[in-house]
Amino acid sequence: MEKLQMIYEGKAKQLYTCEREDALIIHYKDDATAFNGVKKAQIEHKGMLNNAISTIIFKEMAKANIPTHYLETLNDRDQLCRKVTIIPLEVIVRNLIAGSMAKRLNIPEGTPSLKPIYELCYKDDELGDPLINEDHALAIGFASESDLMTIKTLTLQINEVLKNLFDKLGIILVDFKIEFGKTSDGTIVLADEISPDTCRFWDKETGMKLDKDRFRRDLGQVEDAYQEILRRLETLK
């Protein structure tokens, strides 16, 4: 399967058409961005690492009967995925309070949540991906009530799969951000990627951050952290 025409380039990935009309090839880049693109850099091997990490996680989702856009991994940087129409919502789950929520509400980072916190953001870089609620999403027409119910149900299931998976690997799943898309028949599926770019991972014993916060906060050893996530995931094999 070969890449044909590039139809979209985002901060971390490129999308290409291919011989299959119902599929696209997603190419993982080494570009790193933070704060809605204000901070930019190249992290060596990041694309390959996120491709490998997402591949393992998508396969774990399939085992748990979570529908995704993933079809197969073509090489060290490319995945073949179902063509979907992305729903313009970023969906966030927080198991511990960290990052923007800790700052916004002046709560110490790492404070456990009594239950998983489910948040929606409008996916728009120019607006800074603002936090919205389900009524906003309905009023603006981003999704129907049925869509939102499906998205929330799937998101909480994904949270349980990921928490259990990483707990076995000695890692705390602090929070994560995911996206959903609709296939041509209207089925809602998990799309985009799940990687240290989109999740906060803390080592259970040391509390060491093993995710993009190492880039955001100039902590160094960014590639090493991503490598460690992949190394532990590969032990599942």
# chains A, B, ... in the order shown; residues from 1 in each chain; ligands from 1
>>> residues_around(residues="Cys18 in chain A", least_positions_apart="6", cutoff="10 Å", atoms="only C-alpha atoms", output="VMD selection string")
chain A and resid 1 to 6 24 to 25 80
>>> residues_around(residues="Phe142 in chain A", least_positions_apart="2", cutoff="8 Å", atoms="only C-alpha atoms", output="list in words")
Ile87, Pro88, Leu89, Ala137, Leu138, Ala139, Ile140 and Ser144 of chain A
>>> residues_around(residues="range 11-14 of chain A", least_positions_apart="2", cutoff="7 Å", atoms="only C-alpha atoms", output="MDAnalysis selection string")
chainID A and resid 6 8:9 16 26:33
>>> write_last_selection(atoms="all heavy atoms", output="mmCIF file, in the first residue's frame")
data_model
loop_
_atom_site.group_PDB
_atom_site.id
_atom_site.type_symbol
_atom_site.label_atom_id
_atom_site.label_comp_id
_atom_site.auth_asym_id
_atom_site.auth_seq_id
_atom_site.Cartn_x
_atom_site.Cartn_y
_atom_site.Cartn_z
ATOM 1 N N MET A 6 -1.108 13.822 -0.497
ATOM 2 C CA MET A 6 -1.298 14.317 0.863
ATOM 3 C C MET A 6 -2.510 15.248 0.879
ATOM 4 O O MET A 6 -2.576 16.209 0.099
ATOM 5 C CB MET A 6 -0.070 15.062 1.364
ATOM 6 C CG MET A 6 -0.180 15.452 2.840
ATOM 7 S SD MET A 6 1.337 16.155 3.542
ATOM 8 C CE MET A 6 1.299 17.796 2.819
ATOM 9 N N TYR A 8 -3.908 16.349 4.036
ATOM 10 C CA TYR A 8 -3.952 17.126 5.283
ATOM 11 C C TYR A 8 -2.625 16.970 6.004
ATOM 12 O O TYR A 8 -2.030 15.894 5.995
ATOM 13 C CB TYR A 8 -5.092 16.631 6.188
ATOM 14 C CG TYR A 8 -5.122 17.286 7.546
ATOM 15 C CD1 TYR A 8 -5.663 18.556 7.725
ATOM 16 C CD2 TYR A 8 -4.603 16.636 8.658
ATOM 17 C CE1 TYR A 8 -5.682 19.168 8.970
ATOM 18 C CE2 TYR A 8 -4.614 17.240 9.917
ATOM 19 C CZ TYR A 8 -5.158 18.505 10.063
ATOM 20 O OH TYR A 8 -5.159 19.106 11.296
ATOM 21 N N GLU A 9 -2.181 18.063 6.612
ATOM 22 C CA GLU A 9 -1.004 17.999 7.482
ATOM 23 C C GLU A 9 -1.316 18.692 8.781
ATOM 24 O O GLU A 9 -1.687 19.873 8.809
ATOM 25 C CB GLU A 9 0.216 18.634 6.826
ATOM 26 C CG GLU A 9 1.462 18.537 7.698
ATOM 27 C CD GLU A 9 2.746 18.830 6.973
ATOM 28 O OE1 GLU A 9 2.694 19.362 5.848
ATOM 29 O OE2 GLU A 9 3.819 18.510 7.535
ATOM 30 N N TYR A 16 -2.662 10.794 3.854
ATOM 31 C CA TYR A 16 -2.502 10.557 2.425
ATOM 32 C C TYR A 16 -3.611 9.646 1.910
ATOM 33 O O TYR A 16 -4.053 8.727 2.615
ATOM 34 C CB TYR A 16 -1.167 9.864 2.132
ATOM 35 C CG TYR A 16 0.045 10.722 2.354
ATOM 36 C CD1 TYR A 16 0.606 10.847 3.621
ATOM 37 C CD2 TYR A 16 0.660 11.383 1.296
ATOM 38 C CE1 TYR A 16 1.736 11.626 3.835
ATOM 39 C CE2 TYR A 16 1.795 12.162 1.492
ATOM 40 C CZ TYR A 16 2.326 12.279 2.768
ATOM 41 O OH TYR A 16 3.446 13.044 2.962
ATOM 42 N N ILE A 26 -1.910 7.228 7.421
ATOM 43 C CA ILE A 26 -1.494 8.239 8.391
ATOM 44 C C ILE A 26 0.002 8.115 8.596
ATOM 45 O O ILE A 26 0.508 7.047 8.951
ATOM 46 C CB ILE A 26 -2.238 8.067 9.725
ATOM 47 C CG1 ILE A 26 -3.740 8.291 9.518
ATOM 48 C CG2 ILE A 26 -1.692 9.024 10.775
ATOM 49 C CD1 ILE A 26 -4.566 8.139 10.788
ATOM 50 N N HIS A 27 0.709 9.212 8.359
ATOM 51 C CA HIS A 27 2.167 9.260 8.497
ATOM 52 C C HIS A 27 2.518 10.025 9.766
ATOM 53 O O HIS A 27 2.096 11.176 9.949
ATOM 54 C CB HIS A 27 2.786 9.935 7.277
ATOM 55 C CG HIS A 27 4.272 10.128 7.385
ATOM 56 N ND1 HIS A 27 5.173 9.116 7.139
ATOM 57 C CD2 HIS A 27 5.011 11.225 7.716
ATOM 58 C CE1 HIS A 27 6.401 9.576 7.299
ATOM 59 N NE2 HIS A 27 6.330 10.844 7.656
ATOM 60 N N TYR A 28 3.272 9.403 10.661
ATOM 61 C CA TYR A 28 3.665 10.004 11.934
ATOM 62 C C TYR A 28 4.973 10.778 11.777
ATOM 63 O O TYR A 28 5.985 10.220 11.359
ATOM 64 C CB TYR A 28 3.834 8.923 12.999
ATOM 65 C CG TYR A 28 2.550 8.372 13.554
ATOM 66 C CD1 TYR A 28 1.767 7.482 12.818
ATOM 67 C CD2 TYR A 28 2.101 8.735 14.823
ATOM 68 C CE1 TYR A 28 0.583 6.969 13.331
ATOM 69 C CE2 TYR A 28 0.924 8.231 15.347
ATOM 70 C CZ TYR A 28 0.172 7.349 14.592
ATOM 71 O OH TYR A 28 -0.999 6.843 15.110
ATOM 72 N N LYS A 29 4.948 12.060 12.122
ATOM 73 C CA LYS A 29 6.113 12.938 11.985
ATOM 74 C C LYS A 29 6.883 13.025 13.311
ATOM 75 O O LYS A 29 6.392 12.626 14.365
ATOM 76 C CB LYS A 29 5.670 14.347 11.579
ATOM 77 C CG LYS A 29 4.825 14.404 10.314
ATOM 78 C CD LYS A 29 4.639 15.841 9.836
ATOM 79 C CE LYS A 29 3.891 16.692 10.825
ATOM 80 N NZ LYS A 29 3.688 18.081 10.359
ATOM 81 N N ASP A 30 8.079 13.606 13.240
ATOM 82 C CA ASP A 30 8.889 13.836 14.439
ATOM 83 C C ASP A 30 8.616 15.200 15.058
ATOM 84 O O ASP A 30 9.206 15.541 16.081
ATOM 85 C CB ASP A 30 10.386 13.733 14.109
ATOM 86 C CG ASP A 30 10.828 12.303 13.853
ATOM 87 O OD1 ASP A 30 10.121 11.372 14.273
ATOM 88 O OD2 ASP A 30 11.896 12.116 13.226
ATOM 89 N N ASP A 31 7.732 15.982 14.452
ATOM 90 C CA ASP A 31 7.430 17.319 14.969
ATOM 91 C C ASP A 31 6.761 17.228 16.339
ATOM 92 O O ASP A 31 5.904 16.373 16.572
ATOM 93 C CB ASP A 31 6.486 18.062 14.024
ATOM 94 C CG ASP A 31 7.118 18.343 12.666
ATOM 95 O OD1 ASP A 31 8.087 17.654 12.321
ATOM 96 O OD2 ASP A 31 6.632 19.235 11.962
ATOM 97 N N ALA A 32 7.160 18.116 17.216
ATOM 98 C CA ALA A 32 6.526 18.227 18.531
ATOM 99 C C ALA A 32 6.042 19.652 18.713
ATOM 100 O O ALA A 32 6.742 20.607 18.365
ATOM 101 C CB ALA A 32 7.516 17.866 19.635
ATOM 102 N N THR A 33 4.828 19.792 19.229
ATOM 103 C CA THR A 33 4.286 21.118 19.518
ATOM 104 C C THR A 33 3.637 21.110 20.892
ATOM 105 O O THR A 33 3.236 20.063 21.405
ATOM 106 C CB THR A 33 3.230 21.548 18.477
ATOM 107 O OG1 THR A 33 2.094 20.689 18.583
ATOM 108 C CG2 THR A 33 3.789 21.499 17.072
#
>>> residues_around(residues="Val84 in chain A", least_positions_apart="6", cutoff="12 Å", atoms="only C-alpha atoms", output="list in words")
Leu15, Glu21, Asp22, Ala23, Leu24, Ile25, Thr68, His69, Tyr70, Glu179, Phe180, Gly181, Lys182, Thr183, Ser184, Asp185, Gly186, Thr187, Ile188, Val189, Leu190, Ala191 and Asp192 of chain A
>>> residues_around(residues="Ile132 in chain A", least_positions_apart="2", cutoff="12 Å", atoms="only C-alpha atoms", output="PDB file with all heavy atoms, in the first residue's frame")
ATOM      1  N   PRO A  88     -15.704  17.286  15.551  1.00  0.00           N
ATOM      2  CA  PRO A  88     -14.810  18.365  16.013  1.00  0.00           C
ATOM      3  C   PRO A  88     -14.805  18.562  17.530  1.00  0.00           C
ATOM      4  O   PRO A  88     -14.979  19.673  18.044  1.00  0.00           O
ATOM      5  CB  PRO A  88     -15.367  19.597  15.289  1.00  0.00           C
ATOM      6  CG  PRO A  88     -16.813  19.306  15.126  1.00  0.00           C
ATOM      7  CD  PRO A  88     -16.911  17.817  14.881  1.00  0.00           C
ATOM      8  N   LEU A  89     -14.600  17.467  18.233  1.00  0.00           N
ATOM      9  CA  LEU A  89     -14.539  17.500  19.695  1.00  0.00           C
ATOM     10  C   LEU A  89     -13.277  16.776  20.159  1.00  0.00           C
ATOM     11  O   LEU A  89     -12.956  15.702  19.647  1.00  0.00           O
ATOM     12  CB  LEU A  89     -15.754  16.804  20.314  1.00  0.00           C
ATOM     13  CG  LEU A  89     -17.131  17.381  20.009  1.00  0.00           C
ATOM     14  CD1 LEU A  89     -18.212  16.456  20.548  1.00  0.00           C
ATOM     15  CD2 LEU A  89     -17.284  18.782  20.599  1.00  0.00           C
ATOM     16  N   GLU A  90     -12.569  17.372  21.098  1.00  0.00           N
ATOM     17  CA  GLU A  90     -11.522  16.653  21.807  1.00  0.00           C
ATOM     18  C   GLU A  90     -12.126  16.172  23.121  1.00  0.00           C
ATOM     19  O   GLU A  90     -12.746  16.958  23.842  1.00  0.00           O
ATOM     20  CB  GLU A  90     -10.318  17.555  22.063  1.00  0.00           C
ATOM     21  CG  GLU A  90      -9.571  17.906  20.788  1.00  0.00           C
ATOM     22  CD  GLU A  90      -8.286  18.669  21.050  1.00  0.00           C
ATOM     23  OE1 GLU A  90      -8.127  19.221  22.162  1.00  0.00           O
ATOM     24  OE2 GLU A  90      -7.439  18.712  20.146  1.00  0.00           O
ATOM     25  N   VAL A  91     -11.955  14.896  23.385  1.00  0.00           N
ATOM     26  CA  VAL A  91     -12.562  14.293  24.566  1.00  0.00           C
ATOM     27  C   VAL A  91     -11.442  13.979  25.556  1.00  0.00           C
ATOM     28  O   VAL A  91     -10.460  13.313  25.208  1.00  0.00           O
ATOM     29  CB  VAL A  91     -13.330  13.009  24.191  1.00  0.00           C
ATOM     30  CG1 VAL A  91     -14.034  12.448  25.412  1.00  0.00           C
ATOM     31  CG2 VAL A  91     -14.330  13.301  23.074  1.00  0.00           C
ATOM     32  N   ILE A  92     -11.600  14.464  26.770  1.00  0.00           N
ATOM     33  CA  ILE A  92     -10.556  14.329  27.786  1.00  0.00           C
ATOM     34  C   ILE A  92     -11.107  13.555  28.974  1.00  0.00           C
ATOM     35  O   ILE A  92     -12.245  13.763  29.403  1.00  0.00           O
ATOM     36  CB  ILE A  92     -10.082  15.718  28.257  1.00  0.00           C
ATOM     37  CG1 ILE A  92      -9.483  16.499  27.078  1.00  0.00           C
ATOM     38  CG2 ILE A  92      -9.061  15.605  29.390  1.00  0.00           C
ATOM     39  CD1 ILE A  92      -9.267  17.965  27.357  1.00  0.00           C
ATOM     40  N   TYR A 118     -14.838  13.717  32.933  1.00  0.00           N
ATOM     41  CA  TYR A 118     -15.072  13.674  31.490  1.00  0.00           C
ATOM     42  C   TYR A 118     -15.255  15.091  30.993  1.00  0.00           C
ATOM     43  O   TYR A 118     -16.119  15.827  31.480  1.00  0.00           O
ATOM     44  CB  TYR A 118     -16.324  12.827  31.228  1.00  0.00           C
ATOM     45  CG  TYR A 118     -16.809  12.784  29.800  1.00  0.00           C
ATOM     46  CD1 TYR A 118     -16.216  11.941  28.870  1.00  0.00           C
ATOM     47  CD2 TYR A 118     -17.890  13.564  29.386  1.00  0.00           C
ATOM     48  CE1 TYR A 118     -16.679  11.875  27.562  1.00  0.00           C
ATOM     49  CE2 TYR A 118     -18.365  13.506  28.082  1.00  0.00           C
ATOM     50  CZ  TYR A 118     -17.755  12.662  27.182  1.00  0.00           C
ATOM     51  OH  TYR A 118     -18.220  12.599  25.885  1.00  0.00           O
ATOM     52  N   GLU A 119     -14.427  15.513  30.037  1.00  0.00           N
ATOM     53  CA  GLU A 119     -14.492  16.873  29.517  1.00  0.00           C
ATOM     54  C   GLU A 119     -14.564  16.860  27.990  1.00  0.00           C
ATOM     55  O   GLU A 119     -14.047  15.949  27.345  1.00  0.00           O
ATOM     56  CB  GLU A 119     -13.252  17.678  29.928  1.00  0.00           C
ATOM     57  CG  GLU A 119     -13.123  17.914  31.409  1.00  0.00           C
ATOM     58  CD  GLU A 119     -11.867  18.704  31.753  1.00  0.00           C
ATOM     59  OE1 GLU A 119     -10.926  18.773  30.926  1.00  0.00           O
ATOM     60  OE2 GLU A 119     -11.822  19.257  32.866  1.00  0.00           O
ATOM     61  N   LEU A 120     -15.159  17.913  27.452  1.00  0.00           N
ATOM     62  CA  LEU A 120     -15.196  18.115  26.007  1.00  0.00           C
ATOM     63  C   LEU A 120     -14.552  19.457  25.675  1.00  0.00           C
ATOM     64  O   LEU A 120     -14.749  20.440  26.391  1.00  0.00           O
ATOM     65  CB  LEU A 120     -16.634  18.128  25.481  1.00  0.00           C
ATOM     66  CG  LEU A 120     -17.453  16.849  25.609  1.00  0.00           C
ATOM     67  CD1 LEU A 120     -18.868  17.094  25.099  1.00  0.00           C
ATOM     68  CD2 LEU A 120     -16.808  15.701  24.844  1.00  0.00           C
ATOM     69  N   CYS A 121     -13.808  19.483  24.585  1.00  0.00           N
ATOM     70  CA  CYS A 121     -13.275  20.733  24.056  1.00  0.00           C
ATOM     71  C   CYS A 121     -13.656  20.829  22.585  1.00  0.00           C
ATOM     72  O   CYS A 121     -13.741  19.812  21.890  1.00  0.00           O
ATOM     73  CB  CYS A 121     -11.745  20.783  24.181  1.00  0.00           C
ATOM     74  SG  CYS A 121     -11.159  20.890  25.873  1.00  0.00           S
ATOM     75  N   TYR A 122     -13.878  22.065  22.134  1.00  0.00           N
ATOM     76  CA  TYR A 122     -14.111  22.305  20.718  1.00  0.00           C
ATOM     77  C   TYR A 122     -12.765  22.283  20.015  1.00  0.00           C
ATOM     78  O   TYR A 122     -11.869  23.053  20.351  1.00  0.00           O
ATOM     79  CB  TYR A 122     -14.815  23.652  20.540  1.00  0.00           C
ATOM     80  CG  TYR A 122     -14.932  24.124  19.103  1.00  0.00           C
ATOM     81  CD1 TYR A 122     -15.118  23.233  18.058  1.00  0.00           C
ATOM     82  CD2 TYR A 122     -14.864  25.488  18.805  1.00  0.00           C
ATOM     83  CE1 TYR A 122     -15.230  23.677  16.737  1.00  0.00           C
ATOM     84  CE2 TYR A 122     -14.978  25.943  17.499  1.00  0.00           C
ATOM     85  CZ  TYR A 122     -15.159  25.033  16.469  1.00  0.00           C
ATOM     86  OH  TYR A 122     -15.258  25.478  15.183  1.00  0.00           O
ATOM     87  N   LYS A 123     -12.626  21.400  19.036  1.00  0.00           N
ATOM     88  CA  LYS A 123     -11.353  21.217  18.345  1.00  0.00           C
ATOM     89  C   LYS A 123     -11.128  22.360  17.351  1.00  0.00           C
ATOM     90  O   LYS A 123     -11.596  22.313  16.217  1.00  0.00           O
ATOM     91  CB  LYS A 123     -11.351  19.861  17.641  1.00  0.00           C
ATOM     92  CG  LYS A 123     -10.050  19.487  16.953  1.00  0.00           C
ATOM     93  CD  LYS A 123     -10.144  18.066  16.387  1.00  0.00           C
ATOM     94  CE  LYS A 123      -9.010  17.794  15.421  1.00  0.00           C
ATOM     95  NZ  LYS A 123      -7.693  17.942  16.040  1.00  0.00           N
ATOM     96  N   ASP A 124     -10.408  23.393  17.813  1.00  0.00           N
ATOM     97  CA  ASP A 124     -10.127  24.555  16.975  1.00  0.00           C
ATOM     98  C   ASP A 124      -8.868  25.229  17.501  1.00  0.00           C
ATOM     99  O   ASP A 124      -8.892  25.878  18.559  1.00  0.00           O
ATOM    100  CB  ASP A 124     -11.310  25.528  16.989  1.00  0.00           C
ATOM    101  CG  ASP A 124     -11.140  26.668  15.993  1.00  0.00           C
ATOM    102  OD1 ASP A 124     -10.097  27.348  16.045  1.00  0.00           O
ATOM    103  OD2 ASP A 124     -12.049  26.889  15.167  1.00  0.00           O
ATOM    104  N   LEU A 127      -8.842  29.015  18.327  1.00  0.00           N
ATOM    105  CA  LEU A 127      -9.534  29.394  19.563  1.00  0.00           C
ATOM    106  C   LEU A 127      -8.892  28.782  20.804  1.00  0.00           C
ATOM    107  O   LEU A 127      -9.341  29.015  21.925  1.00  0.00           O
ATOM    108  CB  LEU A 127     -11.011  28.971  19.491  1.00  0.00           C
ATOM    109  CG  LEU A 127     -11.858  29.630  18.409  1.00  0.00           C
ATOM    110  CD1 LEU A 127     -13.264  29.050  18.412  1.00  0.00           C
ATOM    111  CD2 LEU A 127     -11.893  31.138  18.589  1.00  0.00           C
ATOM    112  N   GLY A 128      -7.846  27.969  20.591  1.00  0.00           N
ATOM    113  CA  GLY A 128      -7.187  27.329  21.728  1.00  0.00           C
ATOM    114  C   GLY A 128      -7.944  26.134  22.271  1.00  0.00           C
ATOM    115  O   GLY A 128      -7.819  25.811  23.450  1.00  0.00           O
ATOM    116  N   ASP A 129      -8.732  25.462  21.410  1.00  0.00           N
ATOM    117  CA  ASP A 129      -9.494  24.269  21.831  1.00  0.00           C
ATOM    118  C   ASP A 129     -10.268  24.527  23.125  1.00  0.00           C
ATOM    119  O   ASP A 129     -10.025  23.893  24.153  1.00  0.00           O
ATOM    120  CB  ASP A 129      -8.558  23.064  22.009  1.00  0.00           C
ATOM    121  CG  ASP A 129      -7.797  22.725  20.743  1.00  0.00           C
ATOM    122  OD1 ASP A 129      -8.354  22.938  19.650  1.00  0.00           O
ATOM    123  OD2 ASP A 129      -6.648  22.255  20.839  1.00  0.00           O
ATOM    124  N   PRO A 130     -11.224  25.468  23.110  1.00  0.00           N
ATOM    125  CA  PRO A 130     -11.898  25.854  24.356  1.00  0.00           C
ATOM    126  C   PRO A 130     -12.763  24.740  24.949  1.00  0.00           C
ATOM    127  O   PRO A 130     -13.349  23.932  24.238  1.00  0.00           O
ATOM    128  CB  PRO A 130     -12.784  27.025  23.921  1.00  0.00           C
ATOM    129  CG  PRO A 130     -13.009  26.807  22.455  1.00  0.00           C
ATOM    130  CD  PRO A 130     -11.740  26.202  21.947  1.00  0.00           C
ATOM    131  N   GLU A 134     -21.780  19.424  26.864  1.00  0.00           N
ATOM    132  CA  GLU A 134     -22.604  18.707  25.890  1.00  0.00           C
ATOM    133  C   GLU A 134     -23.697  19.601  25.308  1.00  0.00           C
ATOM    134  O   GLU A 134     -24.045  19.468  24.128  1.00  0.00           O
ATOM    135  CB  GLU A 134     -23.193  17.455  26.536  1.00  0.00           C
ATOM    136  CG  GLU A 134     -22.139  16.406  26.852  1.00  0.00           C
ATOM    137  CD  GLU A 134     -22.739  15.086  27.310  1.00  0.00           C
ATOM    138  OE1 GLU A 134     -23.942  15.050  27.634  1.00  0.00           O
ATOM    139  OE2 GLU A 134     -22.001  14.080  27.334  1.00  0.00           O
ATOM    140  N   ASP A 135     -24.232  20.523  26.105  1.00  0.00           N
ATOM    141  CA  ASP A 135     -25.252  21.432  25.583  1.00  0.00           C
ATOM    142  C   ASP A 135     -24.680  22.318  24.479  1.00  0.00           C
ATOM    143  O   ASP A 135     -25.354  22.584  23.475  1.00  0.00           O
ATOM    144  CB  ASP A 135     -25.816  22.309  26.711  1.00  0.00           C
ATOM    145  CG  ASP A 135     -26.776  21.531  27.611  1.00  0.00           C
ATOM    146  OD1 ASP A 135     -27.201  20.438  27.203  1.00  0.00           O
ATOM    147  OD2 ASP A 135     -27.093  22.027  28.706  1.00  0.00           O
ATOM    148  N   HIS A 136     -23.432  22.770  24.663  1.00  0.00           N
ATOM    149  CA  HIS A 136     -22.788  23.551  23.606  1.00  0.00           C
ATOM    150  C   HIS A 136     -22.669  22.711  22.330  1.00  0.00           C
ATOM    151  O   HIS A 136     -22.974  23.185  21.228  1.00  0.00           O
ATOM    152  CB  HIS A 136     -21.380  23.984  24.032  1.00  0.00           C
ATOM    153  CG  HIS A 136     -21.341  24.967  25.146  1.00  0.00           C
ATOM    154  ND1 HIS A 136     -20.473  24.846  26.211  1.00  0.00           N
ATOM    155  CD2 HIS A 136     -22.064  26.092  25.385  1.00  0.00           C
ATOM    156  CE1 HIS A 136     -20.640  25.857  27.037  1.00  0.00           C
ATOM    157  NE2 HIS A 136     -21.610  26.620  26.564  1.00  0.00           N
ATOM    158  N   ALA A 137     -22.192  21.486  22.484  1.00  0.00           N
ATOM    159  CA  ALA A 137     -21.988  20.607  21.326  1.00  0.00           C
ATOM    160  C   ALA A 137     -23.293  20.363  20.581  1.00  0.00           C
ATOM    161  O   ALA A 137     -23.325  20.336  19.344  1.00  0.00           O
ATOM    162  CB  ALA A 137     -21.373  19.288  21.773  1.00  0.00           C
ATOM    163  N   LEU A 138     -24.388  20.207  21.332  1.00  0.00           N
ATOM    164  CA  LEU A 138     -25.705  20.010  20.717  1.00  0.00           C
ATOM    165  C   LEU A 138     -26.193  21.285  20.036  1.00  0.00           C
ATOM    166  O   LEU A 138     -26.674  21.248  18.900  1.00  0.00           O
ATOM    167  CB  LEU A 138     -26.714  19.576  21.783  1.00  0.00           C
ATOM    168  CG  LEU A 138     -26.628  18.137  22.283  1.00  0.00           C
ATOM    169  CD1 LEU A 138     -27.521  17.959  23.497  1.00  0.00           C
ATOM    170  CD2 LEU A 138     -27.049  17.174  21.174  1.00  0.00           C
ATOM    171  N   ALA A 139     -26.050  22.410  20.729  1.00  0.00           N
ATOM    172  CA  ALA A 139     -26.571  23.673  20.211  1.00  0.00           C
ATOM    173  C   ALA A 139     -25.879  24.095  18.919  1.00  0.00           C
ATOM    174  O   ALA A 139     -26.509  24.625  18.004  1.00  0.00           O
ATOM    175  CB  ALA A 139     -26.422  24.774  21.263  1.00  0.00           C
ATOM    176  N   ILE A 140     -24.573  23.828  18.827  1.00  0.00           N
ATOM    177  CA  ILE A 140     -23.807  24.241  17.651  1.00  0.00           C
ATOM    178  C   ILE A 140     -23.906  23.201  16.538  1.00  0.00           C
ATOM    179  O   ILE A 140     -23.589  23.466  15.383  1.00  0.00           O
ATOM    180  CB  ILE A 140     -22.337  24.499  18.051  1.00  0.00           C
ATOM    181  CG1 ILE A 140     -22.282  25.582  19.136  1.00  0.00           C
ATOM    182  CG2 ILE A 140     -21.496  24.949  16.864  1.00  0.00           C
ATOM    183  CD1 ILE A 140     -20.930  25.731  19.798  1.00  0.00           C
ATOM    184  N   PHE A 142     -22.408  20.069  16.604  1.00  0.00           N
ATOM    185  CA  PHE A 142     -21.218  19.228  16.452  1.00  0.00           C
ATOM    186  C   PHE A 142     -21.566  17.743  16.509  1.00  0.00           C
ATOM    187  O   PHE A 142     -20.891  16.910  15.895  1.00  0.00           O
ATOM    188  CB  PHE A 142     -20.191  19.534  17.544  1.00  0.00           C
ATOM    189  CG  PHE A 142     -19.585  20.894  17.459  1.00  0.00           C
ATOM    190  CD1 PHE A 142     -19.098  21.522  18.595  1.00  0.00           C
ATOM    191  CD2 PHE A 142     -19.496  21.564  16.253  1.00  0.00           C
ATOM    192  CE1 PHE A 142     -18.527  22.778  18.529  1.00  0.00           C
ATOM    193  CE2 PHE A 142     -18.931  22.826  16.176  1.00  0.00           C
ATOM    194  CZ  PHE A 142     -18.448  23.438  17.321  1.00  0.00           C
TER     195      PHE A 142
END
>>> select_by_dssp(residues="chain A", states="helix (DSSP H, G or I)", output="ChimeraX atom specification")
/A:46-63,99-105,125-127,134-140,145-168,213-216,222-234
>>> closest_residue(among="A:Thr85, A:Ser100, A:Asn36, A:Thr235", to="Leu169 in chain A", atoms="only C-alpha atoms")
A:Thr235
>>> residues_around(residues="range 212-219 of chain A", least_positions_apart="3", cutoff="9 Å", atoms="only C-alpha atoms", output="NGL selection string")
:A and (32-35 or 39 or 41 or 99 or 196-200 or 209 or 222 or 225-226)
>>> write_last_selection(atoms="N, CA, C and O atoms", output="compact mmCIF listing (two decimals), in the first residue's frame")
# COMPACT_ATOMS: atom_id res chain seq x y z
N ALA A 32 7.16 18.12 17.22
CA ALA A 32 6.53 18.23 18.53
C ALA A 32 6.04 19.65 18.71
O ALA A 32 6.74 20.61 18.37
N THR A 33 4.83 19.79 19.23
CA THR A 33 4.29 21.12 19.52
C THR A 33 3.64 21.11 20.89
O THR A 33 3.24 20.06 21.41
N ALA A 34 3.55 22.28 21.49
CA ALA A 34 2.86 22.43 22.77
C ALA A 34 2.24 23.82 22.80
O ALA A 34 2.63 24.71 22.05
N PHE A 35 1.26 23.97 23.71
CA PHE A 35 0.58 25.25 23.90
C PHE A 35 -0.03 25.73 22.58
O PHE A 35 0.18 26.86 22.15
N LYS A 39 4.98 26.45 21.03
CA LYS A 39 6.30 25.85 21.21
C LYS A 39 6.46 24.72 20.21
O LYS A 39 5.60 23.84 20.11
N ALA A 41 9.34 21.94 18.08
CA ALA A 41 10.66 21.33 18.00
C ALA A 41 10.55 20.03 17.21
O ALA A 41 9.45 19.59 16.87
N GLY A 99 -2.07 19.26 34.84
CA GLY A 99 -2.08 20.11 33.66
C GLY A 99 -3.00 21.31 33.79
O GLY A 99 -3.04 22.00 34.81
N PRO A 196 2.19 8.96 24.08
CA PRO A 196 2.63 9.95 25.07
C PRO A 196 2.39 11.40 24.62
O PRO A 196 2.49 12.31 25.43
N ASP A 197 2.06 11.61 23.35
CA ASP A 197 1.65 12.94 22.90
C ASP A 197 0.27 13.31 23.42
O ASP A 197 -0.05 14.49 23.55
N THR A 198 -0.57 12.31 23.65
CA THR A 198 -1.98 12.57 23.97
C THR A 198 -2.38 12.08 25.36
O THR A 198 -3.54 12.23 25.75
N CYS A 199 -1.44 11.51 26.10
CA CYS A 199 -1.71 10.99 27.45
C CYS A 199 -0.67 11.53 28.43
O CYS A 199 0.45 11.86 28.04
N ARG A 200 -1.06 11.58 29.68
CA ARG A 200 -0.07 11.78 30.75
C ARG A 200 0.18 10.42 31.42
O ARG A 200 -0.76 9.80 31.93
N LYS A 209 7.60 11.56 34.94
CA LYS A 209 6.71 11.80 33.82
C LYS A 209 7.27 11.13 32.57
O LYS A 209 8.44 11.31 32.23
N VAL A 222 13.10 13.49 26.52
CA VAL A 222 11.78 13.25 25.92
C VAL A 222 11.77 11.92 25.17
O VAL A 222 10.88 11.08 25.40
N ALA A 225 11.72 8.92 27.43
CA ALA A 225 10.42 8.64 28.05
C ALA A 225 9.51 7.87 27.10
O ALA A 225 8.86 6.90 27.48
N TYR A 226 9.47 8.29 25.84
CA TYR A 226 8.65 7.61 24.85
C TYR A 226 9.17 6.18 24.63
O TYR A 226 8.39 5.23 24.50
>>> select_by_dssp(residues="range 5-143 of chain A", states="strand (DSSP E or B)", output="PyMOL selection string")
chain A and resi 6-9+13-16+23-28+31-34+39-42+68+70-73+78-82+85-86+89-97+111-122+131-132
>>> atom_distance(atom1="CA of Glu234 in chain A", atom2="CA of Gly170 in chain A")
13.4 Å
>>> closest_residue(among="A:Leu236, A:Ile172, A:Asp76, A:Glu223", to="Glu44 in chain A", atoms="only C-alpha atoms")
A:Glu223
>>> atom_distance(atom1="CA of Arg94 in chain A", atom2="CA of Met48 in chain A")
26.6 Å
>>> atom_distance(atom1="CA of Glu160 in chain A", atom2="CA of Ser195 in chain A")
16.0 Å
>>> closest_residue(among="A:Ile194, A:Val161, A:Ile229, A:Leu105", to="Ile66 in chain A", atoms="only C-alpha atoms")
A:Val161
